[in-house]
$ cat entry-v3.csv   # CSV, C-alpha atoms
chain,number,residue,atom,x,y,z
A,1406,MET,CA,11.1,-40.3,-24.3
A,1407,SER,CA,12.2,-38.2,-27.3
A,1408,VAL,CA,11.7,-34.5,-26.5
A,1409,ASP,CA,11.9,-31.2,-28.4
A,1410,CYS,CA,14.9,-29.2,-27.1
A,1411,GLY,CA,15.7,-25.5,-27.4
A,1412,PHE,CA,17.5,-22.8,-25.5
A,1413,LEU,CA,15.8,-19.7,-24.2
A,1414,PHE,CA,17.5,-16.4,-25.1
A,1415,PRO,CA,16.7,-13.4,-22.8
A,1416,PHE,CA,19.3,-10.9,-24.0
A,1417,ARG,CA,20.1,-9.8,-20.5
A,1418,ASN,CA,23.1,-7.7,-19.5
A,1419,PRO,CA,23.4,-7.3,-15.7
A,1420,ALA,CA,25.4,-4.5,-14.1
A,1421,PHE,CA,27.9,-6.9,-12.5
A,1422,GLU,CA,29.1,-8.0,-16.0
A,1423,ARG,CA,27.9,-5.1,-18.2
A,1424,ARG,CA,28.8,-5.2,-21.9
A,1425,PRO,CA,27.9,-2.9,-24.8
A,1426,TRP,CA,24.3,-3.6,-25.7
A,1427,ALA,CA,25.0,-4.1,-29.4
A,1428,GLU,CA,27.7,-6.7,-28.4
A,1429,VAL,CA,25.2,-8.6,-26.2
A,1430,TYR,CA,22.6,-8.7,-29.0
A,1431,ARG,CA,25.1,-9.7,-31.7
A,1432,ARG,CA,26.6,-12.4,-29.5
A,1433,ASP,CA,23.2,-13.9,-28.5
A,1434,LEU,CA,21.7,-13.6,-31.9
A,1435,ASP,CA,24.7,-15.4,-33.4
A,1436,LEU,CA,24.3,-18.3,-30.9
A,1437,ALA,CA,20.5,-18.5,-31.4
A,1438,ILE,CA,21.1,-18.7,-35.2
A,1439,GLU,CA,23.8,-21.3,-34.7
A,1440,SER,CA,21.4,-23.4,-32.6
A,1441,GLU,CA,20.0,-24.6,-35.9
A,1442,ALA,CA,23.3,-26.1,-37.1
A,1443,LEU,CA,23.8,-27.6,-33.6
A,1444,GLY,CA,20.6,-29.6,-34.1
A,1445,PHE,CA,18.2,-27.9,-31.7
A,1446,ASP,CA,14.5,-27.9,-32.5
A,1447,HIS,CA,13.6,-24.5,-31.1
A,1448,VAL,CA,14.9,-21.1,-30.2
A,1449,TRP,CA,12.8,-19.6,-27.4
A,1450,LEU,CA,12.5,-15.9,-26.6
A,1451,THR,CA,11.2,-14.2,-23.5
A,1452,GLU,CA,9.8,-10.8,-22.5
A,1453,HIS,CA,10.0,-8.3,-19.6
A,1454,HIS,CA,10.0,-4.5,-19.4
A,1455,PHE,CA,11.9,-1.8,-17.6
A,1456,VAL,CA,14.5,-4.2,-16.1
A,1457,ASP,CA,18.0,-2.9,-15.4
A,1458,ASP,CA,19.6,-5.9,-17.1
A,1459,GLY,CA,17.6,-5.2,-20.3
A,1460,TYR,CA,15.5,-8.4,-20.2
A,1461,SER,CA,14.4,-8.4,-23.8
A,1462,PRO,CA,11.3,-6.2,-24.1
A,1463,SER,CA,10.7,-6.7,-27.9
A,1464,LEU,CA,10.3,-10.4,-28.8
A,1465,LEU,CA,8.9,-10.3,-32.3
A,1466,PRO,CA,11.6,-8.1,-33.9
A,1467,ILE,CA,14.1,-10.5,-32.4
A,1468,ALA,CA,12.1,-13.4,-33.8
A,1469,GLY,CA,12.1,-11.8,-37.2
A,1470,ALA,CA,15.9,-11.5,-37.2
A,1471,ILE,CA,16.3,-15.1,-36.3
A,1472,ALA,CA,13.7,-16.2,-38.8
A,1473,ARG,CA,15.5,-14.4,-41.7
A,1474,ALA,CA,18.8,-16.1,-40.9
A,1475,THR,CA,17.5,-19.7,-40.4
A,1476,THR,CA,15.5,-22.2,-42.4
A,1477,ARG,CA,14.5,-25.1,-40.2
A,1478,ILE,CA,14.5,-24.3,-36.5
A,1479,ARG,CA,11.3,-23.3,-34.9
A,1480,ILE,CA,11.0,-19.9,-33.0
A,1481,GLY,CA,8.9,-19.6,-29.9
A,1482,THR,CA,7.9,-16.9,-27.5
A,1483,PHE,CA,8.1,-18.0,-23.8
A,1484,VAL,CA,6.2,-15.8,-23.3
A,1485,LEU,CA,4.8,-12.6,-24.9
A,1486,LEU,CA,2.9,-10.7,-22.2
A,1487,LEU,CA,-0.4,-10.2,-24.0
A,1488,PRO,CA,-2.2,-7.7,-21.7
A,1489,LEU,CA,0.6,-5.2,-22.2
A,1490,HIS,CA,0.1,-5.2,-26.0
A,1491,ASP,CA,-2.5,-4.2,-28.6
A,1492,THR,CA,-4.1,-7.4,-29.7
A,1493,VAL,CA,-4.5,-6.6,-33.4
A,1494,ARG,CA,-0.8,-5.5,-33.7
A,1495,VAL,CA,0.3,-8.7,-32.0
A,1496,ALA,CA,-1.7,-10.6,-34.6
A,1497,GLU,CA,-0.2,-8.6,-37.5
A,1498,ASP,CA,3.4,-8.9,-36.1
A,1499,ALA,CA,3.1,-12.6,-35.4
A,1500,ALA,CA,1.7,-13.3,-38.8
A,1501,THR,CA,4.5,-11.3,-40.4
A,1502,VAL,CA,7.1,-13.3,-38.5
A,1503,ASP,CA,5.5,-16.5,-39.5
A,1504,VAL,CA,5.6,-15.4,-43.1
A,1505,ILE,CA,9.3,-14.5,-42.8
A,1506,ALA,CA,9.9,-17.9,-41.1
A,1507,ASP,CA,7.8,-19.7,-43.7
A,1508,GLY,CA,5.7,-21.2,-41.0
A,1509,ARG,CA,8.0,-21.7,-38.0
A,1510,LEU,CA,6.5,-19.5,-35.2
A,1511,ASP,CA,5.1,-20.8,-31.9
A,1512,LEU,CA,3.3,-17.9,-30.2
A,1513,GLY,CA,3.5,-18.3,-26.4
A,1514,LEU,CA,1.4,-15.8,-24.4
A,1515,GLY,CA,1.2,-14.9,-20.7
A,1516,LEU,CA,-0.6,-12.6,-18.3
A,1517,GLY,CA,2.3,-10.9,-16.8
A,1518,TYR,CA,2.5,-9.9,-13.1
A,1519,ARG,CA,5.1,-7.3,-12.6
A,1520,VAL,CA,3.7,-4.1,-11.1
A,1521,GLY,CA,6.2,-1.8,-12.7
A,1522,GLU,CA,5.5,-3.2,-16.2
A,1523,PHE,CA,1.8,-2.5,-16.0
A,1524,ALA,CA,2.4,1.0,-14.5
A,1525,GLY,CA,5.1,1.8,-17.0
A,1526,LEU,CA,2.9,0.9,-19.9
A,1527,GLY,CA,-0.3,2.5,-18.5
A,1528,ARG,CA,-2.2,-0.7,-18.1
A,1529,SER,CA,-4.3,-1.9,-15.2
A,1530,LEU,CA,-2.8,-4.8,-13.3
A,1531,ARG,CA,-6.1,-5.7,-11.8
A,1532,GLU,CA,-7.7,-6.0,-15.3
A,1533,ARG,CA,-5.1,-8.2,-16.8
A,1534,GLY,CA,-7.1,-11.4,-16.4
A,1535,ALA,CA,-10.2,-10.0,-17.9
A,1536,ARG,CA,-8.2,-8.3,-20.7
A,1537,PHE,CA,-6.4,-11.6,-21.5
A,1538,ALA,CA,-9.7,-13.5,-21.5
A,1539,GLU,CA,-11.0,-11.2,-24.2
A,1540,GLN,CA,-7.7,-11.0,-26.1
A,1541,LEU,CA,-6.9,-14.7,-26.5
A,1542,PRO,CA,-10.0,-15.7,-28.5
A,1543,LEU,CA,-9.8,-12.5,-30.5
A,1544,LEU,CA,-6.2,-13.3,-31.4
A,1545,ARG,CA,-7.2,-16.8,-32.4
A,1546,ARG,CA,-9.9,-15.5,-34.7
A,1547,LEU,CA,-7.5,-12.9,-36.3
A,1548,LEU,CA,-4.7,-15.4,-36.9
A,1549,ASP,CA,-7.3,-17.8,-38.4
A,1550,GLY,CA,-8.1,-15.3,-41.0
A,1551,GLU,CA,-11.5,-14.2,-39.8
A,1552,THR,CA,-13.0,-10.7,-40.3
A,1553,VAL,CA,-13.9,-9.6,-36.8
A,1554,ASP,CA,-16.6,-7.3,-35.5
A,1555,LEU,CA,-16.3,-7.0,-31.7
A,1556,ASP,CA,-17.9,-4.7,-29.2
A,1557,GLY,CA,-16.1,-5.8,-26.1
A,1558,ARG,CA,-14.9,-4.4,-22.9
A,1559,PHE,CA,-11.4,-3.7,-24.2
A,1560,HIS,CA,-11.9,-3.9,-28.0
A,1561,GLN,CA,-14.2,-2.1,-30.4
A,1562,LEU,CA,-13.5,-3.5,-33.9
A,1563,GLN,CA,-15.3,-3.3,-37.2
A,1564,GLY,CA,-14.3,-5.3,-40.2
A,1565,THR,CA,-10.9,-6.1,-38.8
A,1566,ARG,CA,-9.0,-8.7,-40.9
A,1567,ILE,CA,-5.2,-9.0,-40.8
A,1568,MET,CA,-3.1,-9.3,-44.0
A,1569,PRO,CA,-0.9,-11.1,-44.8
A,1570,PRO,CA,-2.2,-14.1,-42.8
A,1571,PRO,CA,0.3,-16.5,-41.1
A,1572,VAL,CA,1.6,-19.4,-43.2
A,1573,GLN,CA,0.6,-21.9,-40.5
A,1574,GLN,CA,-3.1,-22.6,-40.3
A,1575,PRO,CA,-3.6,-22.7,-37.4
A,1576,LEU,CA,-0.6,-20.9,-35.9
A,1577,PRO,CA,0.2,-22.7,-32.6
A,1578,LEU,CA,-0.8,-20.7,-29.5
A,1579,TRP,CA,0.7,-21.6,-26.1
A,1580,VAL,CA,-0.2,-20.1,-22.8
A,1581,GLY,CA,2.1,-19.6,-19.8
A,1582,ALA,CA,0.2,-20.4,-16.7
A,1583,ARG,CA,1.0,-21.2,-13.1
A,1584,GLY,CA,-2.0,-20.3,-11.0
A,1585,ASP,CA,-5.1,-22.5,-11.0
A,1586,LYS,CA,-7.3,-19.9,-12.8
A,1587,ALA,CA,-4.7,-19.4,-15.6
A,1588,LEU,CA,-4.2,-23.1,-16.0
A,1589,ASP,CA,-7.9,-23.6,-16.3
A,1590,ARG,CA,-8.2,-20.8,-18.9
A,1591,ALA,CA,-5.4,-22.3,-21.0
A,1592,ALA,CA,-7.1,-25.7,-21.0
A,1593,ARG,CA,-10.6,-24.3,-21.6
A,1594,LEU,CA,-9.4,-22.3,-24.7
A,1595,GLY,CA,-7.5,-25.3,-26.1
A,1596,CYS,CA,-4.0,-23.8,-25.9
A,1597,HIS,CA,-0.7,-25.6,-25.4
A,1598,LEU,CA,1.0,-25.1,-22.0
A,1599,ALA,CA,4.2,-23.1,-21.5
A,1600,GLY,CA,5.0,-24.4,-18.0
A,1601,VAL,CA,7.8,-24.1,-15.4
A,1602,SER,CA,7.2,-27.1,-13.2
A,1603,ALA,CA,5.9,-30.7,-13.2
A,1604,GLU,CA,3.1,-29.7,-10.9
A,1605,HIS,CA,1.7,-27.2,-13.4
A,1606,ARG,CA,1.7,-29.8,-16.1
A,1607,LEU,CA,-0.3,-32.2,-14.0
A,1608,ARG,CA,-2.9,-29.6,-13.1
A,1609,TYR,CA,-3.1,-28.5,-16.7
A,1610,ARG,CA,-3.8,-32.0,-17.9
A,1611,GLU,CA,-6.5,-32.3,-15.2
A,1612,ALA,CA,-8.1,-29.1,-16.5
A,1613,LEU,CA,-8.0,-30.3,-20.1
A,1614,ALA,CA,-9.9,-33.4,-19.1
A,1615,ARG,CA,-12.3,-31.3,-17.1
A,1616,HIS,CA,-13.1,-29.3,-20.2
A,1617,GLY,CA,-13.7,-32.4,-22.3
A,1618,ARG,CA,-10.3,-32.2,-24.1
A,1619,ALA,CA,-7.9,-35.1,-24.6
A,1620,PRO,CA,-4.8,-34.2,-22.7
A,1621,ASP,CA,-2.5,-36.2,-25.1
A,1622,ASP,CA,-3.6,-33.9,-28.0
A,1623,TYR,CA,-1.9,-30.9,-26.4
A,1624,GLN,CA,1.8,-30.1,-26.1
A,1625,VAL,CA,3.5,-29.1,-22.8
A,1626,SER,CA,6.8,-27.3,-22.5
A,1627,GLN,CA,8.8,-27.2,-19.3
A,1628,MET,CA,11.4,-24.6,-18.6
A,1629,VAL,CA,14.5,-26.0,-16.9
A,1630,LEU,CA,17.7,-24.4,-15.7
A,1631,VAL,CA,20.7,-26.0,-17.4
A,1632,TYR,CA,24.4,-25.3,-17.7
A,1633,CYS,CA,27.1,-27.7,-18.8
A,1634,ALA,CA,30.9,-27.8,-18.1
A,1635,GLU,CA,33.6,-30.4,-17.8
A,1636,THR,CA,33.1,-30.5,-14.1
A,1637,ARG,CA,30.3,-29.5,-11.7
A,1638,ALA,CA,32.7,-27.2,-9.9
A,1639,GLN,CA,33.4,-25.3,-13.1
A,1640,ALA,CA,29.8,-25.1,-14.0
A,1641,TRP,CA,28.7,-23.7,-10.7
A,1642,ALA,CA,31.7,-21.3,-10.6
A,1643,GLU,CA,30.4,-19.8,-13.8
A,1644,ALA,CA,26.7,-20.0,-13.2
A,1645,ALA,CA,26.2,-19.2,-9.5
A,1646,ARG,CA,26.2,-15.4,-9.7
A,1647,PRO,CA,23.9,-15.3,-12.7
A,1648,VAL,CA,21.5,-17.8,-11.1
A,1649,HIS,CA,21.5,-15.8,-7.9
A,1650,HIS,CA,20.8,-12.6,-9.9
A,1651,MET,CA,17.8,-14.2,-11.6
A,1652,LEU,CA,16.3,-15.8,-8.5
A,1653,SER,CA,16.7,-12.5,-6.6
A,1654,LEU,CA,14.8,-10.6,-9.2
A,1655,TYR,CA,12.0,-13.2,-9.5
A,1656,ARG,CA,11.6,-13.2,-5.7
A,1657,ASP,CA,11.3,-9.4,-5.6
A,1658,TRP,CA,8.9,-9.3,-8.5
A,1659,ALA,CA,6.7,-12.0,-6.9
A,1660,ALA,CA,6.7,-10.2,-3.5
A,1661,GLU,CA,5.7,-7.0,-5.2
A,1662,ALA,CA,2.9,-8.6,-7.2
A,1663,GLY,CA,1.5,-10.2,-4.0
A,1664,ASP,CA,-0.9,-12.5,-5.9
A,1665,ASP,CA,-1.3,-16.3,-6.2
A,1666,ASN,CA,0.2,-16.7,-9.7
A,1667,ASN,CA,3.8,-17.0,-8.5
A,1668,ASP,CA,3.6,-20.0,-6.3
A,1669,ASP,CA,5.8,-19.4,-3.3
A,1670,GLN,CA,8.6,-17.5,-5.1
A,1671,ALA,CA,8.2,-14.5,-2.8
A,1672,THR,CA,9.1,-16.5,0.3
A,1673,ARG,CA,11.8,-18.8,-1.1
A,1674,GLY,CA,15.2,-18.6,0.5
A,1675,ILE,CA,17.9,-17.9,-2.0
A,1676,PRO,CA,21.4,-19.2,-1.2
A,1677,THR,CA,24.3,-16.8,-1.9
A,1678,PRO,CA,26.5,-17.5,-4.9
A,1679,GLU,CA,29.2,-18.7,-2.5
A,1680,GLU,CA,26.8,-21.2,-1.0
A,1681,MET,CA,25.7,-22.4,-4.4
A,1682,ILE,CA,29.4,-23.0,-5.4
A,1683,ARG,CA,30.1,-24.8,-2.1
A,1684,ASN,CA,27.0,-27.0,-2.3
A,1685,GLN,CA,27.0,-27.4,-6.1
A,1686,ALA,CA,23.2,-27.6,-6.0
A,1687,GLY,CA,20.1,-25.4,-6.3
A,1688,ASP,CA,16.6,-25.3,-7.5
A,1689,PHE,CA,14.5,-23.2,-9.9
A,1690,PHE,CA,10.7,-22.7,-9.5
A,1691,GLY,CA,10.6,-25.9,-7.4
A,1692,GLU,CA,12.6,-28.1,-9.9
A,1693,PRO,CA,16.3,-28.9,-9.6
A,1694,ALA,CA,18.9,-26.8,-11.3
A,1695,PHE,CA,20.7,-29.1,-13.8
A,1696,ILE,CA,24.1,-27.5,-13.6
A,1697,GLY,CA,27.2,-29.7,-14.0
A,1698,THR,CA,28.7,-32.2,-16.3
A,1699,PRO,CA,26.8,-33.4,-19.4
A,1700,ASP,CA,26.3,-36.8,-17.7
A,1701,PHE,CA,24.9,-35.1,-14.6
A,1702,VAL,CA,22.6,-32.9,-16.7
A,1703,TYR,CA,21.4,-35.9,-18.7
A,1704,ASP,CA,20.7,-38.0,-15.7
A,1705,GLY,CA,18.7,-35.2,-14.0
A,1706,LEU,CA,16.6,-34.4,-17.1
A,1707,ARG,CA,15.9,-38.0,-17.8
A,1708,ALA,CA,14.6,-38.5,-14.2
A,1709,LEU,CA,12.5,-35.4,-14.6
A,1710,LEU,CA,11.0,-36.6,-17.8
A,1711,GLU,CA,10.2,-40.0,-16.4
A,1712,ARG,CA,8.5,-38.3,-13.4
A,1713,SER,CA,6.7,-35.8,-15.4
A,1714,PRO,CA,6.8,-36.2,-19.2
A,1715,CYS,CA,6.6,-33.2,-21.4
A,1716,THR,CA,6.9,-32.6,-25.1
A,1717,HIS,CA,9.3,-29.6,-25.1
A,1718,LEU,CA,12.2,-28.6,-22.9
A,1719,VAL,CA,12.8,-24.9,-22.8
A,1720,LEU,CA,16.4,-24.7,-21.7
A,1721,MET,CA,17.2,-21.6,-19.6
A,1722,GLY,CA,21.0,-21.8,-20.0
A,1723,VAL,CA,21.9,-18.4,-21.6
A,1724,LEU,CA,22.4,-16.9,-18.2
A,1725,PRO,CA,22.7,-13.2,-17.4
A,1726,GLY,CA,26.3,-12.3,-16.8
A,1727,ALA,CA,27.7,-15.8,-17.5
A,1728,PRO,CA,31.0,-15.8,-19.5
A,1729,ALA,CA,30.3,-15.8,-23.3
A,1730,ALA,CA,32.8,-18.6,-23.9
A,1731,GLY,CA,31.3,-20.7,-21.1
A,1732,THR,CA,27.8,-20.2,-22.4
A,1733,ARG,CA,28.8,-21.2,-25.9
A,1734,ARG,CA,30.6,-24.3,-24.5
A,1735,SER,CA,27.6,-25.2,-22.4
A,1736,VAL,CA,25.3,-25.0,-25.4
A,1737,GLU,CA,27.7,-27.1,-27.6
A,1738,LEU,CA,28.2,-29.7,-24.8
A,1739,PHE,CA,24.4,-30.0,-24.4
A,1740,ALA,CA,24.0,-30.4,-28.2
A,1741,ARG,CA,26.7,-33.0,-28.5
A,1742,GLU,CA,26.5,-35.0,-25.3
A,1743,VAL,CA,23.0,-34.5,-23.8
A,1744,MET,CA,20.4,-33.9,-26.5
A,1745,PRO,CA,21.1,-37.0,-28.6
A,1746,ARG,CA,20.7,-39.3,-25.5
A,1747,LEU,CA,17.4,-37.6,-24.6
A,1748,LYS,CA,16.1,-38.1,-28.1
A,1749,GLN,CA,17.0,-41.7,-28.1
A,1750,GLY,CA,14.9,-42.3,-25.1
$ encode --input "entry-v3.csv" --output "structure tokens"
Amino acid sequence: MSVDCGFLFPFRNPAFERRPWAEVYRRDLDLAIESEALGFDHVWLTEHHFVDDGYSPSLLPIAGAIARATTRIRIGTFVLLLPLHDTVRVAEDAATVDVIADGRLDLGLGLGYRVGEFAGLGRSLRERGARFAEQLPLLRRLLDGETVDLDGRFHQLQGTRIMPPPVQQPLPLWVGARGDKALDRAARLGCHLAGVSAEHRLRYREALARHGRAPDDYQVSQMVLVYCAETRAQAWAEAARPVHHMLSLYRDWAAEAGDDNNDDQATRGIPTPEEMIRNQAGDFFGEPAFIGTPDFVYDGLRALLERSPCTHLVLMGVLPGAPAAGTRRSVELFAREVMPRLKQG
């Protein structure tokens, strides 16, 4: 049952616990870099735009900073919102990060769904699926070193070839998908899956088989909400308000989007922080929140992996507004008391 483990770093700074931005970035970068010494396999980065808590809008500069300060740990994007970007520039920037990292980048890509992001960047929300469908194979060709001529709906390119190329050939591409159409597209194009629930993983594997691909040849990551402390009460006391903040934003964004790519997030009831602390329980995109002692977190993750095996756990545990000391303790407890047991199987 050995599984790849890495924490996700969103560089968020909510109003209820606002800190100087430079301090937030310095603190989270330090912890991301120290993840290598703690034995983690990955550092994962995530993207949104125009969010009051600063949800990291520029993944690849952050990836480059981590790459320069590490030598072993892999660096993944979970996920870069491809329709909001110029495809050729993404290829150039990703290849450059992979060169700096000497071949340690996993490029995870997603559609995006927030109305304000597309409006703020001058892109059509309705066209994001068609744009992504043209971008993804183009990105693959560019990263593979091809010289591309393309007269497409969204790209008119002549003799486009990026230099320098990435170190990895091929550079791994992952696709974040939840809706049936997105899952089918990821499988059809042969990308690994950046998922958030066991249900998505199962539907992705079905789609791979439907498109004549061997499901076991592809990697699947699953994002899980984790936070470790000496007691469950302490863990929830520190995590409840950050978790409520996150879930409230995701609910509002899903309601605003009004499409079928967000499951039932728009209609999920969200308990108050006080209710979370009292009940010492919660869920995250349909999966349990693994918040408590290292034993509790391990038991929950082991049960999840037995129910729905995946190759990579993306650990959402650097929570917006959680105490810095508590976050560091949680990461260290996971590295010392949870991860070795997961890797032993």
$ closest_residue --input "entry-v3.csv" --among "A:Pro1647, A:Gly1557, A:Gly1731, A:Gly1617" --to "Gln1540 in chain A" --atoms "only C-alpha atoms"
A:Gly1557
$ residues_around --input "entry-v3.csv" --residues "range 1516-1526 of chain A" --least-positions-apart "4" --cutoff "9 Å" --atoms "all atoms listed in the file" --output "JSON, numbers by chain"
{"A": [1453, 1454, 1455, 1485, 1486, 1487, 1488, 1489, 1530, 1533, 1534, 1537, 1580, 1581, 1582, 1587, 1658, 1659, 1661, 1662, 1664, 1666, 1667]}
$ write_last_selection --input "entry-v3.csv" --atoms "C-alpha atoms" --output "compact mmCIF listing (two decimals), in the coordinates of the input"
# COMPACT_ATOMS: atom_id res chain seq x y z
CA HIS A 1453 10.00 -8.30 -19.60
CA HIS A 1454 10.00 -4.50 -19.40
CA PHE A 1455 11.90 -1.80 -17.60
CA LEU A 1485 4.80 -12.60 -24.90
CA LEU A 1486 2.90 -10.70 -22.20
CA LEU A 1487 -0.40 -10.20 -24.00
CA PRO A 1488 -2.20 -7.70 -21.70
CA LEU A 1489 0.60 -5.20 -22.20
CA LEU A 1530 -2.80 -4.80 -13.30
CA ARG A 1533 -5.10 -8.20 -16.80
CA GLY A 1534 -7.10 -11.40 -16.40
CA PHE A 1537 -6.40 -11.60 -21.50
CA VAL A 1580 -0.20 -20.10 -22.80
CA GLY A 1581 2.10 -19.60 -19.80
CA ALA A 1582 0.20 -20.40 -16.70
CA ALA A 1587 -4.70 -19.40 -15.60
CA TRP A 1658 8.90 -9.30 -8.50
CA ALA A 1659 6.70 -12.00 -6.90
CA GLU A 1661 5.70 -7.00 -5.20
CA ALA A 1662 2.90 -8.60 -7.20
CA ASP A 1664 -0.90 -12.50 -5.90
CA ASN A 1666 0.20 -16.70 -9.70
CA ASN A 1667 3.80 -17.00 -8.50
$ atom_distance --input "entry-v3.csv" --atom1 "CA of Glu1680 in chain A" --atom2 "CA of Val1743 in chain A"
26.7 Å
$ residues_around --input "entry-v3.csv" --residues "Arg1608 in chain A" --least-positions-apart "5" --cutoff "10 Å" --atoms "all atoms listed in the file" --output "list in words"
Arg1583, Gly1584, Asp1585, Leu1588, Asp1589, Ala1592, Ala1603, Leu1613 and Ala1614 of chain A
$ atom_distance --input "entry-v3.csv" --atom1 "CA of Leu1450 in chain A" --atom2 "CA of Leu1738 in chain A"
21.0 Å
$ closest_residue --input "entry-v3.csv" --among "A:Val1448, A:Ala1538, A:Ala1619, A:Met1628" --to "Cys1715 in chain A" --atoms "all atoms listed in the file"
A:Met1628
$ closest_residue --input "entry-v3.csv" --among "A:Ala1500, A:Ala1506, A:Cys1633, A:Ala1442" --to "Leu1576 in chain A" --atoms "all atoms listed in the file"
A:Ala1500
$ closest_residue --input "entry-v3.csv" --among "A:Asp1457, A:Asp1446, A:Glu1452, A:Asp1704" --to "Pro1419 in chain A" --atoms "all atoms listed in the file"
A:Asp1457
$ residues_around --input "entry-v3.csv" --residues "Phe1414 in chain A" --least-positions-apart "2" --cutoff "12 Å" --atoms "all atoms listed in the file" --output "ChimeraX atom specification"
/A:1411-1412,1416-1418,1429-1430,1432-1438,1440,1447-1452,1460-1462,1464,1467-1468,1471,1480-1484,1719-1725,1732,1736
$ atom_distance --input "entry-v3.csv" --atom1 "CA of Thr1716 in chain A" --atom2 "CA of Pro1693 in chain A"
18.5 Å
$ closest_residue --input "entry-v3.csv" --among "A:Val1495, A:Leu1465, A:Leu1413, A:Leu1548" --to "Pro1570 in chain A" --atoms "all atoms listed in the file"
A:Leu1548
$ closest_residue --input "entry-v3.csv" --among "A:Ala1644, A:Leu1514, A:Leu1562, A:Val1502" --to "Ala1591 in chain A" --atoms "all atoms listed in the file"
A:Leu1514
